[in-house]
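As stored in model_17.txt (compact mmCIF, C-alpha atoms):
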# COMPACT_ATOMS: atom_id res chain seq x y z
CA MET R 8 60.76 -2.15 -81.23
CA GLN R 9 57.49 -3.78 -82.26
CA LYS R 10 56.16 -2.92 -85.70
CA ASP R 11 53.80 0.10 -85.58
CA TRP R 12 54.74 0.86 -81.97
CA GLU R 13 55.82 4.46 -81.35
CA TYR R 14 58.81 5.62 -79.32
CA LYS R 15 57.61 8.75 -77.49
CA ARG R 16 57.60 10.61 -74.21
CA LEU R 17 55.11 9.25 -71.73
CA LYS R 18 53.67 12.69 -70.97
CA TYR R 19 52.31 12.94 -74.51
CA CYS R 20 50.08 9.93 -73.87
CA PHE R 21 48.05 11.89 -71.31
CA ASP R 22 45.67 14.83 -71.34
CA GLU R 23 47.21 16.15 -68.15
CA HIS R 24 48.83 15.28 -64.85
CA ARG R 25 48.47 17.32 -61.70
CA GLY R 26 49.34 17.18 -58.01
CA GLY R 27 46.57 17.30 -55.41
CA ALA R 28 45.71 19.45 -52.41
CA TRP R 29 44.86 18.73 -48.78
CA GLY R 30 42.05 21.27 -48.58
CA ASP R 31 40.59 22.62 -45.34
CA GLU R 32 38.57 21.21 -42.47
CA PRO R 33 35.04 20.20 -43.59
CA ILE R 34 32.31 22.73 -42.79
CA GLY R 35 29.20 20.88 -43.97
CA ASN R 36 28.56 22.67 -47.25
CA ALA R 37 28.56 21.70 -50.93
CA ASN R 38 32.34 22.07 -51.13
CA ASP R 39 32.95 19.17 -48.73
CA TYR R 40 34.38 16.27 -50.74
CA VAL R 41 36.01 12.90 -50.19
CA CYS R 42 39.77 13.45 -50.22
CA VAL R 43 41.60 10.37 -51.48
CA ARG R 44 44.90 9.86 -49.63
CA VAL R 45 47.84 7.51 -50.16
CA ALA R 46 46.55 5.70 -47.05
CA ASP R 47 43.47 4.76 -49.12
CA PHE R 48 45.56 3.00 -51.80
CA ASP R 49 44.82 -0.73 -51.81
CA TYR R 50 47.71 -2.39 -53.59
CA ARG R 51 46.01 -5.78 -53.71
CA SER R 52 42.98 -4.57 -55.65
CA LEU R 53 45.10 -1.82 -57.28
CA SER R 54 42.28 0.60 -56.54
CA ILE R 55 41.34 2.70 -53.52
CA ASN R 56 39.60 1.26 -50.51
CA SER R 57 38.87 2.63 -47.05
CA GLU R 58 36.52 1.89 -44.19
CA GLU R 59 35.97 5.62 -43.87
CA TYR R 60 37.22 8.19 -46.35
CA THR R 61 38.53 11.56 -45.21
CA ILE R 62 36.30 14.58 -45.92
CA ARG R 63 37.91 17.95 -46.71
CA ASN R 64 36.62 21.32 -47.90
CA TYR R 65 37.83 22.78 -51.20
CA THR R 66 37.55 26.03 -53.13
CA ASP R 67 35.56 26.13 -56.37
CA SER R 68 38.84 26.44 -58.29
CA GLN R 69 40.32 23.35 -56.60
CA ILE R 70 37.17 21.33 -57.29
CA GLU R 71 37.29 22.26 -60.97
CA LYS R 72 40.96 21.27 -61.30
CA LEU R 73 41.21 18.25 -58.99
CA LYS R 74 37.91 16.41 -59.28
CA LEU R 75 38.60 12.78 -60.17
CA SER R 76 37.04 10.89 -63.07
CA LYS R 77 36.60 7.14 -63.33
CA GLY R 78 39.73 5.70 -64.94
CA ASP R 79 42.14 8.33 -63.61
CA ILE R 80 45.50 6.90 -62.56
CA LEU R 81 46.79 7.92 -59.13
CA ILE R 82 50.51 7.74 -58.34
CA GLU R 83 52.05 7.97 -54.88
CA LYS R 84 54.61 10.74 -55.34
CA SER R 85 55.60 11.45 -51.72
CA GLY R 86 55.84 9.34 -48.60
CA GLY R 87 56.96 5.76 -49.01
CA GLY R 88 59.30 3.58 -46.97
CA GLU R 89 62.03 0.97 -47.49
CA LYS R 90 59.47 -1.75 -48.23
CA THR R 91 57.03 0.48 -50.09
CA PRO R 92 58.87 3.22 -51.99
CA VAL R 93 57.00 5.91 -53.88
CA GLY R 94 55.86 5.42 -57.47
CA ARG R 95 53.16 2.83 -56.93
CA ALA R 96 49.95 3.43 -58.84
CA VAL R 97 46.26 2.63 -58.41
CA ILE R 98 43.28 3.35 -60.62
CA PHE R 99 40.27 5.40 -59.51
CA ASP R 100 37.33 3.12 -60.34
CA LYS R 101 34.71 4.55 -57.99
CA ASP R 102 31.37 6.16 -58.82
CA PHE R 103 31.42 8.80 -56.06
CA ASP R 104 32.82 12.33 -56.37
CA ALA R 105 36.29 12.81 -54.92
CA LEU R 106 39.40 14.96 -55.00
CA TYR R 107 42.89 13.91 -53.94
CA ALA R 108 45.59 14.90 -51.46
CA ASN R 109 48.93 16.59 -52.11
CA PHE R 110 51.06 13.42 -51.89
CA ILE R 111 49.33 12.11 -55.04
CA GLU R 112 49.79 12.85 -58.75
CA ALA R 113 46.66 12.21 -60.86
CA ILE R 114 47.01 11.28 -64.52
CA LYS R 115 44.19 11.64 -67.02
CA VAL R 116 44.72 9.48 -70.10
CA ASN R 117 43.87 11.07 -73.45
CA ASN R 118 42.26 7.98 -74.95
CA GLU R 119 39.68 5.41 -73.92
CA ASN R 120 42.19 2.91 -72.65
CA SER R 121 43.56 3.98 -69.30
CA GLY R 122 43.88 0.29 -68.40
CA TYR R 123 46.96 -0.13 -70.59
CA PHE R 124 48.79 2.83 -69.11
CA PHE R 125 47.81 1.88 -65.60
CA ASN R 126 49.33 -1.57 -66.08
CA TYR R 127 52.37 -0.01 -67.72
CA LEU R 128 52.97 2.45 -64.92
CA PHE R 129 52.35 -0.05 -62.17
CA SER R 130 54.24 -3.05 -63.44
CA THR R 131 56.99 -1.89 -65.77
CA LEU R 132 58.05 1.55 -64.62
CA TYR R 133 57.55 0.98 -60.91
CA SER R 134 59.45 -2.29 -60.83
CA THR R 135 62.36 -1.35 -63.09
CA GLU R 136 62.84 2.41 -63.27
CA ILE R 137 61.59 4.36 -60.26
CA ASN R 138 64.28 3.64 -57.69
CA ARG R 139 67.05 4.03 -60.22
CA LYS R 140 66.11 7.20 -62.08
CA PHE R 141 63.31 9.19 -60.57
CA PHE R 142 63.59 8.81 -56.83
CA ASN R 143 65.05 11.39 -54.47
CA GLN R 144 64.99 11.85 -50.71
CA THR R 145 66.18 15.04 -49.05
CA THR R 146 64.21 14.51 -45.83
CA GLY R 147 62.67 11.49 -44.14
CA ILE R 148 59.98 11.64 -46.84
CA GLN R 149 60.67 10.03 -50.20
CA ASN R 150 59.76 11.96 -53.34
CA LEU R 151 59.15 11.00 -56.95
CA ASP R 152 60.40 13.39 -59.62
CA VAL R 153 57.17 13.27 -61.62
CA THR R 154 58.38 15.60 -64.37
CA ALA R 155 61.42 13.44 -65.12
CA TYR R 156 59.34 10.29 -64.72
CA LEU R 157 56.85 11.32 -67.41
CA ASN R 158 59.47 12.91 -69.68
CA GLN R 159 61.14 9.61 -70.51
CA LYS R 160 60.60 7.93 -73.89
CA TYR R 161 59.03 4.48 -74.11
CA ASN R 162 57.69 2.15 -76.78
CA ILE R 163 53.93 2.67 -76.86
CA PRO R 164 51.62 0.48 -78.99
CA PRO R 165 48.70 1.86 -80.99
CA LEU R 166 45.27 2.00 -79.36
CA LYS R 167 44.08 -1.20 -81.07
CA THR R 168 47.04 -3.14 -79.67
CA GLN R 169 46.58 -1.56 -76.26
CA LYS R 170 43.03 -2.88 -76.17
CA LYS R 171 44.17 -6.38 -77.10
CA ILE R 172 46.80 -6.31 -74.36
CA VAL R 173 44.29 -5.18 -71.74
CA GLY R 174 41.80 -7.86 -72.84
CA PHE R 175 44.50 -10.50 -72.56
CA LEU R 176 45.56 -9.26 -69.13
CA ASP R 177 41.98 -9.09 -67.86
CA LYS R 178 41.56 -12.81 -68.55
CA LYS R 179 44.95 -13.91 -67.26
CA THR R 180 44.93 -11.80 -64.09
CA ALA R 181 41.32 -12.70 -63.24
CA VAL R 182 42.38 -16.33 -62.72
CA ILE R 183 45.21 -15.27 -60.41
CA ASP R 184 43.02 -12.75 -58.58
CA ASN R 185 40.42 -15.43 -57.85
CA LEU R 186 43.10 -17.72 -56.45
CA ILE R 187 44.36 -14.90 -54.25
CA LYS R 188 40.82 -14.14 -53.00
CA ASP R 189 40.31 -17.80 -52.08
CA LYS R 190 43.55 -17.84 -50.12
CA GLU R 191 42.67 -14.56 -48.40
CA LYS R 192 39.34 -16.05 -47.32
CA LEU R 193 41.21 -19.02 -45.87
CA ILE R 194 43.50 -16.65 -43.95
CA GLY R 195 40.40 -14.90 -42.61
CA LEU R 196 38.97 -18.21 -41.37
CA LEU R 197 42.27 -19.14 -39.74
CA LYS R 198 42.44 -15.76 -38.00
CA GLU R 199 38.89 -16.28 -36.70
CA LYS R 200 39.91 -19.69 -35.37
CA ARG R 201 43.01 -18.17 -33.78
CA GLN R 202 40.94 -15.49 -32.05
CA ALA R 203 38.42 -18.10 -30.86
CA VAL R 204 41.21 -20.14 -29.23
CA ILE R 205 42.50 -17.05 -27.43
CA THR R 206 39.04 -15.86 -26.37
CA GLU R 207 38.00 -19.20 -24.89
CA ALA R 208 41.26 -19.45 -22.91
CA VAL R 209 41.02 -15.97 -21.39
CA ILE R 210 37.35 -16.42 -20.46
CA LYS R 211 37.36 -20.02 -19.19
CA GLY R 212 40.99 -20.74 -18.38
CA LEU R 213 42.37 -24.25 -18.81
CA ASN R 214 39.60 -26.03 -16.91
CA LYS R 215 36.95 -26.97 -19.46
CA ASN R 216 34.14 -26.92 -16.90
CA PRO R 217 35.07 -24.37 -14.23
CA LYS R 218 32.72 -23.26 -11.49
CA ALA R 219 31.40 -20.03 -12.83
CA LYS R 220 30.17 -16.66 -11.69
CA SER R 221 28.78 -13.68 -13.56
CA SER R 222 31.28 -11.16 -14.93
CA SER R 223 28.50 -8.52 -14.90
CA ILE R 224 29.58 -7.64 -18.45
CA ASN R 225 26.89 -8.67 -20.88
CA TRP R 226 29.14 -9.49 -23.87
CA ILE R 227 31.45 -11.61 -21.69
CA GLY R 228 29.00 -13.59 -19.57
CA ASN R 229 30.27 -15.98 -16.91
CA ILE R 230 33.89 -16.31 -15.77
CA PRO R 231 35.58 -18.85 -13.46
CA GLU R 232 35.19 -18.44 -9.71
CA GLY R 233 38.28 -16.91 -8.16
CA TRP R 234 38.85 -14.69 -11.19
CA ASP R 235 38.25 -10.98 -11.05
CA ARG R 236 37.38 -8.16 -13.42
CA VAL R 237 39.69 -5.19 -13.03
CA LYS R 238 39.94 -1.93 -14.91
CA ILE R 239 43.11 -1.63 -16.96
CA LYS R 240 44.21 1.52 -15.13
CA HIS R 241 44.64 -0.45 -11.89
CA LEU R 242 47.00 -2.94 -13.54
CA LEU R 243 49.56 -0.60 -15.08
CA GLU R 244 53.00 0.61 -14.12
CA VAL R 245 52.26 4.05 -15.59
CA PRO R 246 49.04 5.63 -16.92
CA ILE R 247 48.28 5.02 -20.59
CA THR R 248 49.88 7.75 -22.67
CA ASP R 249 50.39 8.56 -26.33
CA GLY R 250 52.95 10.22 -28.55
CA PRO R 251 53.27 13.94 -29.30
CA HIS R 252 50.36 15.78 -30.91
CA GLU R 253 52.64 17.58 -33.32
CA THR R 254 54.30 16.74 -36.61
CA PRO R 255 58.09 16.65 -36.22
CA VAL R 256 60.67 17.43 -38.89
CA LEU R 257 61.82 14.16 -40.47
CA PHE R 258 65.40 13.39 -41.52
CA ASP R 259 67.29 10.70 -43.47
CA GLU R 260 68.87 9.41 -40.26
CA GLY R 261 68.45 9.75 -36.53
CA ILE R 262 65.92 8.20 -34.12
CA PRO R 263 63.13 6.10 -35.71
CA PHE R 264 59.70 7.74 -35.53
CA VAL R 265 56.74 5.36 -35.86
CA SER R 266 52.97 5.60 -36.06
CA ALA R 267 49.92 3.41 -36.75
CA GLU R 268 51.18 1.99 -40.06
CA SER R 269 54.12 0.36 -38.22
CA ILE R 270 51.79 -1.79 -36.09
CA LYS R 271 51.82 -4.99 -38.13
CA ASN R 272 51.25 -8.63 -37.18
CA GLY R 273 51.70 -8.00 -33.48
CA LYS R 274 55.05 -6.24 -33.84
CA VAL R 275 56.48 -2.79 -34.52
CA ASP R 276 57.67 -2.90 -38.14
CA PHE R 277 60.46 -0.32 -38.32
CA ASP R 278 60.59 -0.67 -42.11
CA LEU R 279 57.22 1.14 -42.09
CA LYS R 280 58.37 4.01 -39.89
CA ARG R 281 57.47 7.60 -40.75
CA GLY R 282 61.14 8.54 -40.88
CA PHE R 283 63.80 9.71 -38.44
CA ILE R 284 63.78 12.57 -35.94
CA SER R 285 66.66 14.36 -34.23
CA LYS R 286 68.06 13.16 -30.92
CA GLU R 287 66.97 16.45 -29.33
CA GLU R 288 63.38 16.01 -30.56
CA HIS R 289 63.40 12.40 -29.39
CA GLU R 290 64.55 13.37 -25.90
CA ARG R 291 61.82 16.00 -25.72
CA PHE R 292 59.14 13.52 -26.84
CA CYS R 293 60.43 10.96 -24.32
CA LYS R 294 59.51 13.28 -21.47
CA LYS R 295 55.92 12.39 -22.30
CA CYS R 296 56.30 8.87 -23.67
CA LYS R 297 59.49 6.81 -23.73
CA PRO R 298 58.98 3.35 -25.26
CA ARG R 299 60.87 0.35 -23.95
CA LYS R 300 61.03 -3.39 -24.53
CA ASN R 301 57.83 -5.32 -23.65
CA ASP R 302 55.60 -2.25 -23.90
CA ILE R 303 52.31 -2.83 -25.70
CA PHE R 304 51.14 -0.32 -28.31
CA MET R 305 47.55 0.00 -29.47
CA VAL R 306 46.35 2.12 -32.38
CA LYS R 307 43.79 4.49 -30.88
CA SER R 308 42.67 6.41 -33.97
CA GLY R 309 42.17 5.76 -37.66
CA ALA R 310 41.02 2.79 -39.74
CA THR R 311 43.25 0.36 -37.79
CA THR R 312 42.03 1.37 -34.31
CA GLY R 313 42.44 -1.58 -31.95
CA ASN R 314 45.47 -3.11 -33.68
CA ILE R 315 48.23 -3.96 -31.22
CA ALA R 316 51.95 -4.71 -31.12
CA ILE R 317 54.48 -5.63 -28.47
CA VAL R 318 57.95 -4.05 -28.46
CA ASP R 319 60.59 -6.74 -28.93
CA THR R 320 63.69 -4.55 -29.17
CA ASP R 321 65.86 -2.36 -26.97
CA GLU R 322 66.35 0.09 -29.84
CA GLU R 323 65.36 3.66 -29.01
CA PHE R 324 62.47 5.17 -30.97
CA SER R 325 59.60 7.63 -30.58
CA ILE R 326 55.91 7.31 -31.35
CA TRP R 327 53.25 9.63 -32.77
CA SER R 328 49.87 10.49 -31.26
CA PRO R 329 47.78 7.68 -32.89
CA LEU R 330 49.58 5.14 -30.66
CA ALA R 331 48.76 4.46 -27.02
CA LEU R 332 51.42 2.93 -24.76
CA ILE R 333 50.32 0.27 -22.26
CA ARG R 334 52.92 -0.83 -19.70
CA CYS R 335 51.78 -3.60 -17.36
CA ASN R 336 52.57 -3.84 -13.67
CA GLU R 337 54.07 -7.34 -13.72
CA LYS R 338 53.13 -7.89 -10.07
CA LYS R 339 49.47 -7.83 -11.12
CA LEU R 340 49.28 -8.43 -14.86
CA LEU R 341 51.79 -10.29 -17.03
CA THR R 342 52.56 -8.51 -20.29
CA GLU R 343 52.40 -11.78 -22.25
CA TYR R 344 48.90 -12.43 -20.86
CA MET R 345 47.67 -8.90 -21.52
CA PHE R 346 49.01 -9.02 -25.07
CA LYS R 347 47.01 -12.17 -25.77
CA TYR R 348 43.96 -10.88 -23.90
CA MET R 349 43.96 -7.81 -26.16
CA GLN R 350 43.76 -10.15 -29.18
CA SER R 351 40.56 -11.74 -27.89
CA SER R 352 37.11 -10.97 -29.26
CA ILE R 353 35.93 -9.75 -25.84
CA PHE R 354 38.58 -7.06 -25.67
CA ARG R 355 37.96 -6.08 -29.28
CA ARG R 356 34.23 -5.86 -28.55
CA GLY R 357 34.93 -3.53 -25.64
CA VAL R 358 37.04 -1.24 -27.84
CA GLU R 359 34.37 -1.16 -30.54
CA MET R 360 31.61 -0.49 -28.01
CA PHE R 361 33.30 2.66 -26.76
CA TRP R 362 35.17 4.16 -29.68
CA ASN R 363 33.90 7.37 -31.24
CA TYR R 364 33.50 8.47 -34.82
CA GLY R 365 34.52 11.86 -36.16
CA THR R 366 36.26 11.90 -39.51
CA GLN R 367 37.69 8.56 -38.32
CA GLN R 368 37.18 6.09 -35.49
CA ASN R 369 39.10 6.69 -32.26
CA ILE R 370 39.13 5.74 -28.60
CA GLY R 371 40.30 8.05 -25.83
CA MET R 372 42.99 6.98 -23.39
CA LYS R 373 40.72 7.53 -20.38
CA VAL R 374 38.10 5.32 -21.99
CA LEU R 375 40.73 2.69 -22.71
CA GLU R 376 42.00 2.77 -19.13
CA ASN R 377 38.50 2.02 -17.87
CA LEU R 378 37.97 -1.11 -19.96
CA PHE R 379 37.97 -4.31 -17.92
CA VAL R 380 40.46 -7.18 -17.93
CA ILE R 381 39.23 -10.60 -16.81
CA LEU R 382 42.00 -11.49 -14.40
CA PRO R 383 43.16 -14.88 -13.08
CA SER R 384 46.11 -15.29 -10.72
CA LEU R 385 49.64 -14.63 -11.97
CA GLU R 386 50.32 -18.36 -12.03
CA GLU R 387 47.25 -19.00 -14.17
CA GLN R 388 48.12 -16.07 -16.44
CA LYS R 389 51.45 -17.74 -17.16
CA LYS R 390 49.87 -21.15 -17.83
CA ILE R 391 47.16 -19.69 -20.06
CA SER R 392 49.73 -17.71 -22.05
CA LEU R 393 51.83 -20.83 -22.68
CA PHE R 394 48.71 -22.84 -23.59
CA ILE R 395 47.60 -20.21 -26.11
CA GLU R 396 51.08 -19.97 -27.61
CA ASP R 397 51.15 -23.73 -28.14
CA LYS R 398 47.65 -23.86 -29.67
CA ILE R 399 48.07 -20.96 -32.08
CA SER R 400 51.60 -21.74 -33.30
CA ASN R 401 50.35 -24.13 -36.00
CA ILE R 402 47.66 -21.64 -37.03
CA ASP R 403 50.26 -18.87 -37.32
CA LYS R 404 52.49 -21.14 -39.43
CA ALA R 405 49.58 -21.97 -41.74
CA ILE R 406 48.78 -18.26 -42.15
CA THR R 407 52.43 -17.48 -42.94
CA ASP R 408 52.57 -20.28 -45.53
CA ILE R 409 49.45 -19.01 -47.28
CA GLU R 410 50.75 -15.43 -47.24
CA THR R 411 53.90 -16.71 -48.97
CA GLN R 412 51.74 -18.41 -51.59
CA ILE R 413 49.89 -15.13 -52.16
CA GLU R 414 53.16 -13.25 -52.59
CA LYS R 415 54.25 -15.75 -55.24
CA LEU R 416 50.93 -15.35 -57.06
CA GLN R 417 51.29 -11.58 -56.95
CA GLU R 418 54.81 -11.85 -58.40
CA CYS R 419 53.44 -14.10 -61.15
CA ARG R 420 50.71 -11.54 -61.86
CA LYS R 421 53.23 -8.72 -62.06
CA SER R 422 55.47 -10.74 -64.37
CA ILE R 423 52.60 -11.47 -66.79
CA ILE R 424 51.67 -7.79 -66.91
CA SER R 425 55.27 -6.65 -67.37
CA GLU R 426 55.83 -8.99 -70.29
CA ALA R 427 52.52 -8.14 -71.98
CA VAL R 428 52.73 -4.34 -71.87
CA ILE R 429 56.10 -4.28 -73.62
CA GLY R 430 55.09 -6.75 -76.34
CA LYS R 431 56.94 -9.86 -75.18
CA VAL R 432 53.77 -11.97 -75.08
CA ALA R 433 51.95 -13.05 -78.23
CA ILE R 434 48.41 -11.62 -77.96
Can you dump the structure from the file as structure tokens?
Amino acid sequence: MQKDWEYKRLKYCFDEHRGGAWGDEPIGNANDYVCVRVADFDYRSLSINSEEYTIRNYTDSQIEKLKLSKGDILIEKSGGGEKTPVGRAVIFDKDFDALYANFIEAIKVNNENSGYFFNYLFSTLYSTEINRKFFNQTTGIQNLDVTAYLNQKYNIPPLKTQKKIVGFLDKKTAVIDNLIKDKEKLIGLLKEKRQAVITEAVIKGLNKNPKAKSSSINWIGNIPEGWDRVKIKHLLEVPITDGPHETPVLFDEGIPFVSAESIKNGKVDFDLKRGFISKEEHERFCKKCKPRKNDIFMVKSGATTGNIAIVDTDEEFSIWSPLALIRCNEKKLLTEYMFKYMQSSIFRRGVEMFWNYGTQQNIGMKVLENLFVILPSLEEQKKISLFIEDKISNIDKAITDIETQIEKLQECRKSIISEAVIGKVAI
């Protein structure tokens, strides 16, 4: 142990720690507050970030107990998944008033240096201890044993040393963070280029100077002669439908149950599933919506509204209500063409033009069915799809390579923090 460091229980380093509450529906009075959720955790900035925060109504007693202060540490204590188990931490660094939901444990540090303990919790404990000692799962939801987690003894430096460590880390991580930001900007530019390639192909086709006619849609403009504009509902095998509007009981095994968070990079990421449901529940849900290979899913509510994925597996699974299932009639509309069309800026513009805002953005299935598809012949759909695939393959590879570089930088960042907070780096 380092000289003048103290071996003590982590809980004695804090003023208090307390679980949150979900509150009630907002009613437009002074007790309506932002409710920070695990979904608002941004693990790149290690803070919270949301396009639109959830508003909930709280009692005076809850407000007094759960109101966040700048510098509070927030730990994800319930939820998680194989790729993102519970125990990750962020710091509340916002200036607005907020409370926090019941899947979060808030920690208030009893000295002026919450930065040290945030780095300690995030880098050292999360990466080396959580899964081994403090993790349990009795249902499809993972849980962190917070009491045991904070009852362990660790080597803690004095406040003066803590400050030196945080100052050192601020300088070292700032360099890495700037590199990551530059690479993220490059990914953004590549994604814009990718979308531009797709958009031009689905508006103009493969003929660079086609004879044109008006689409009668002001944000689309002219389209090639011989093409048509058709509402989505006339091109489907079945009407657009969504998953059940109820929360099922989740288990450790069974049929995968997925929602909006599983829609990643154009695919259904089963590692990000909500959990498992029983076969009986699955069969009941399938009476409304039974997914199958080559279906397209679109997120229809929440911060990721408009994100899409295509099913590339024959595995059985069920979906929740934020997802809309789109199944093309292949005699009219090729799935591969529709999937690319839905990645174009013109389709995205249509979604954004007609979505609604409540506590979060959403688009109704009837509204979605009545959006237009710019439709060439089946033969042209096939050619355009192959052309797009060829053109964007190099862009996709470049994006993947940069994402790998970012992951390596993040691992380097974590390693620097881990070494510093336990005294292995000369400060």
- One decimal, Å: what's the distance from atom CA of R:Ile82 over to atom CA of R:Cys419, could you say?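 Separation between atom CA of R:Ile82 and atom CA of R:Cys419: 22.2 Å.
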- Task: For R:Arg356, please output as a list in words all residues within 12 Å (counting only C-alpha atoms; exclusion window: fewer than 2 positions along the same chain).
- Result: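 Near R:Arg356, the qualifying residues are Thr206, Ile224, Asn225, Trp226, Ile227, Gly313, Tyr348, Met349, Gln350, Ser351, Ser352, Ile353, Phe354, Val358, Glu359, Met360, Phe361, Trp362, Leu378 and Phe379 of chain R.
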Residues of stretch 316-427 of chain R that approach stretch 169-175 of chain R to 12 Å or less, counting only C-alpha atoms: could you list each one with the shortest pair of atoms and its distance in Å to one decimal, rows by chain and increasing residue number, as a tab-separated table?
residue	atom	partner	partner_atom	distance
R:Ile423	CA	R:Phe175	CA	10.0
R:Ile424	CA	R:Ile172	CA	9.0
R:Ser425	CA	R:Ile172	CA	11.0
R:Glu426	CA	R:Ile172	CA	10.3
R:Ala427	CA	R:Ile172	CA	6.5
Preceding selection exported with C-alpha atoms as a PDB file, keeping the file's coordinate frame:
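Output saved as selection_16.pdb:
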ATOM      1  CA  ILE R 423      52.600 -11.470 -66.790  1.00  0.00           C
ATOM      2  CA  ILE R 424      51.670  -7.790 -66.910  1.00  0.00           C
ATOM      3  CA  SER R 425      55.270  -6.650 -67.370  1.00  0.00           C
ATOM      4  CA  GLU R 426      55.830  -8.990 -70.290  1.00  0.00           C
ATOM      5  CA  ALA R 427      52.520  -8.140 -71.980  1.00  0.00           C
TER       6      ALA R 427
END
- Atomic distance atom CA of R:Asn162 - atom CA of R:Tyr127, expressed in Å with one decimal: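 If I compute the distance from atom CA of R:Asn162 to atom CA of R:Tyr127, I get 10.7 Å.
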- Message: One number please: atom CA of R:Phe141 to atom CA of R:Ser85, in Å, one decimal.
- Response: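 Value for the atom CA of R:Phe141-atom CA of R:Ser85 distance: 12.0 Å.
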- Message: For a quick check of understanding, using all atoms listed in the file, which of R:His24, R:Lys18, R:Arg299, R:Lys421 has the smallest distance to R:Asp184?
- Response: R:Lys421
Residues at most 8 Å from stretch 198-201 of chain R, counting only C-alpha atoms, excluding those fewer than 4 positions away in the same chain, as a PDB file with C-alpha atoms, keeping the file's coordinate frame?
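That gives us around_31.pdb:
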ATOM      1  CA  ILE R 194      43.500 -16.650 -43.950  1.00  0.00           C
ATOM      2  CA  ILE R 205      42.500 -17.050 -27.430  1.00  0.00           C
ATOM      3  CA  ILE R 399      48.070 -20.960 -32.080  1.00  0.00           C
ATOM      4  CA  ILE R 402      47.660 -21.640 -37.030  1.00  0.00           C
ATOM      5  CA  ILE R 406      48.780 -18.260 -42.150  1.00  0.00           C
TER       6      ILE R 406
END
- Item | Shell around stretch 27-38 of chain R at 6 Å using all atoms listed in the file, local window under 5 positions removed, as a PyMOL selection string | chain R and resi 63-65+107-109+111
- Neighbour residues at most 12 Å from (60.4, 8.1, -25.1) (only C-alpha atoms) as an MDAnalysis selection string: chainID R and resid 248:251 262:265 286:300 302 321:327 332
- Task: Name the residues in contact with stretch 187-193 of chain R at a cut-off of 9 Å, using all atoms listed in the file, excluding same-chain residues fewer than 2 positions from it; report them as a list of chain:residue names.
- Result: R:Val182, R:Ile183, R:Asp184, R:Asn185, R:Gly195, R:Leu196, R:Leu197, R:Lys198, R:Ile406, R:Ile409, R:Glu410, R:Gln412, R:Ile413, R:Leu416, R:Gln417
- One residue among R:Leu340, R:Gln69, R:Ala219, R:Val43 is nearest to R:Lys101 when using all atoms listed in the file, and that residue is R:Val43
Final N, CA and C atoms of stretch 335-346 of chain R as a PDB file, in the coordinates of the input:
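selection.pdb was written with the following content:
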ATOM      1  N   CYS R 335      52.400  -2.825 -18.445  1.00  0.00           N
ATOM      2  CA  CYS R 335      51.780  -3.600 -17.360  1.00  0.00           C
ATOM      3  C   CYS R 335      52.628  -3.577 -16.085  1.00  0.00           C
ATOM      4  N   ASN R 336      51.927  -3.604 -14.963  1.00  0.00           N
ATOM      5  CA  ASN R 336      52.570  -3.840 -13.670  1.00  0.00           C
ATOM      6  C   ASN R 336      52.667  -5.357 -13.508  1.00  0.00           C
ATOM      7  N   GLU R 337      53.873  -5.891 -13.674  1.00  0.00           N
ATOM      8  CA  GLU R 337      54.070  -7.340 -13.720  1.00  0.00           C
ATOM      9  C   GLU R 337      53.711  -8.042 -12.405  1.00  0.00           C
ATOM     10  N   LYS R 338      53.543  -7.284 -11.336  1.00  0.00           N
ATOM     11  CA  LYS R 338      53.130  -7.890 -10.070  1.00  0.00           C
ATOM     12  C   LYS R 338      51.628  -8.193 -10.063  1.00  0.00           C
ATOM     13  N   LYS R 339      50.917  -7.624 -11.034  1.00  0.00           N
ATOM     14  CA  LYS R 339      49.470  -7.830 -11.120  1.00  0.00           C
ATOM     15  C   LYS R 339      49.035  -8.448 -12.450  1.00  0.00           C
ATOM     16  N   LEU R 340      49.706  -8.034 -13.512  1.00  0.00           N
ATOM     17  CA  LEU R 340      49.280  -8.430 -14.860  1.00  0.00           C
ATOM     18  C   LEU R 340      50.515  -8.697 -15.722  1.00  0.00           C
ATOM     19  N   LEU R 341      50.663  -9.936 -16.186  1.00  0.00           N
ATOM     20  CA  LEU R 341      51.790 -10.290 -17.030  1.00  0.00           C
ATOM     21  C   LEU R 341      51.590  -9.705 -18.433  1.00  0.00           C
ATOM     22  N   THR R 342      52.645  -9.115 -18.964  1.00  0.00           N
ATOM     23  CA  THR R 342      52.560  -8.510 -20.290  1.00  0.00           C
ATOM     24  C   THR R 342      52.152  -9.534 -21.336  1.00  0.00           C
ATOM     25  N   GLU R 343      52.717 -10.744 -21.260  1.00  0.00           N
ATOM     26  CA  GLU R 343      52.400 -11.780 -22.250  1.00  0.00           C
ATOM     27  C   GLU R 343      50.925 -12.160 -22.191  1.00  0.00           C
ATOM     28  N   TYR R 344      50.324 -12.129 -20.983  1.00  0.00           N
ATOM     29  CA  TYR R 344      48.900 -12.430 -20.860  1.00  0.00           C
ATOM     30  C   TYR R 344      48.056 -11.285 -21.408  1.00  0.00           C
ATOM     31  N   MET R 345      48.423 -10.062 -21.054  1.00  0.00           N
ATOM     32  CA  MET R 345      47.670  -8.900 -21.520  1.00  0.00           C
ATOM     33  C   MET R 345      47.710  -8.799 -23.042  1.00  0.00           C
ATOM     34  N   PHE R 346      48.878  -9.098 -23.618  1.00  0.00           N
ATOM     35  CA  PHE R 346      49.010  -9.020 -25.070  1.00  0.00           C
ATOM     36  C   PHE R 346      48.053 -10.003 -25.751  1.00  0.00           C
TER      37      PHE R 346
END
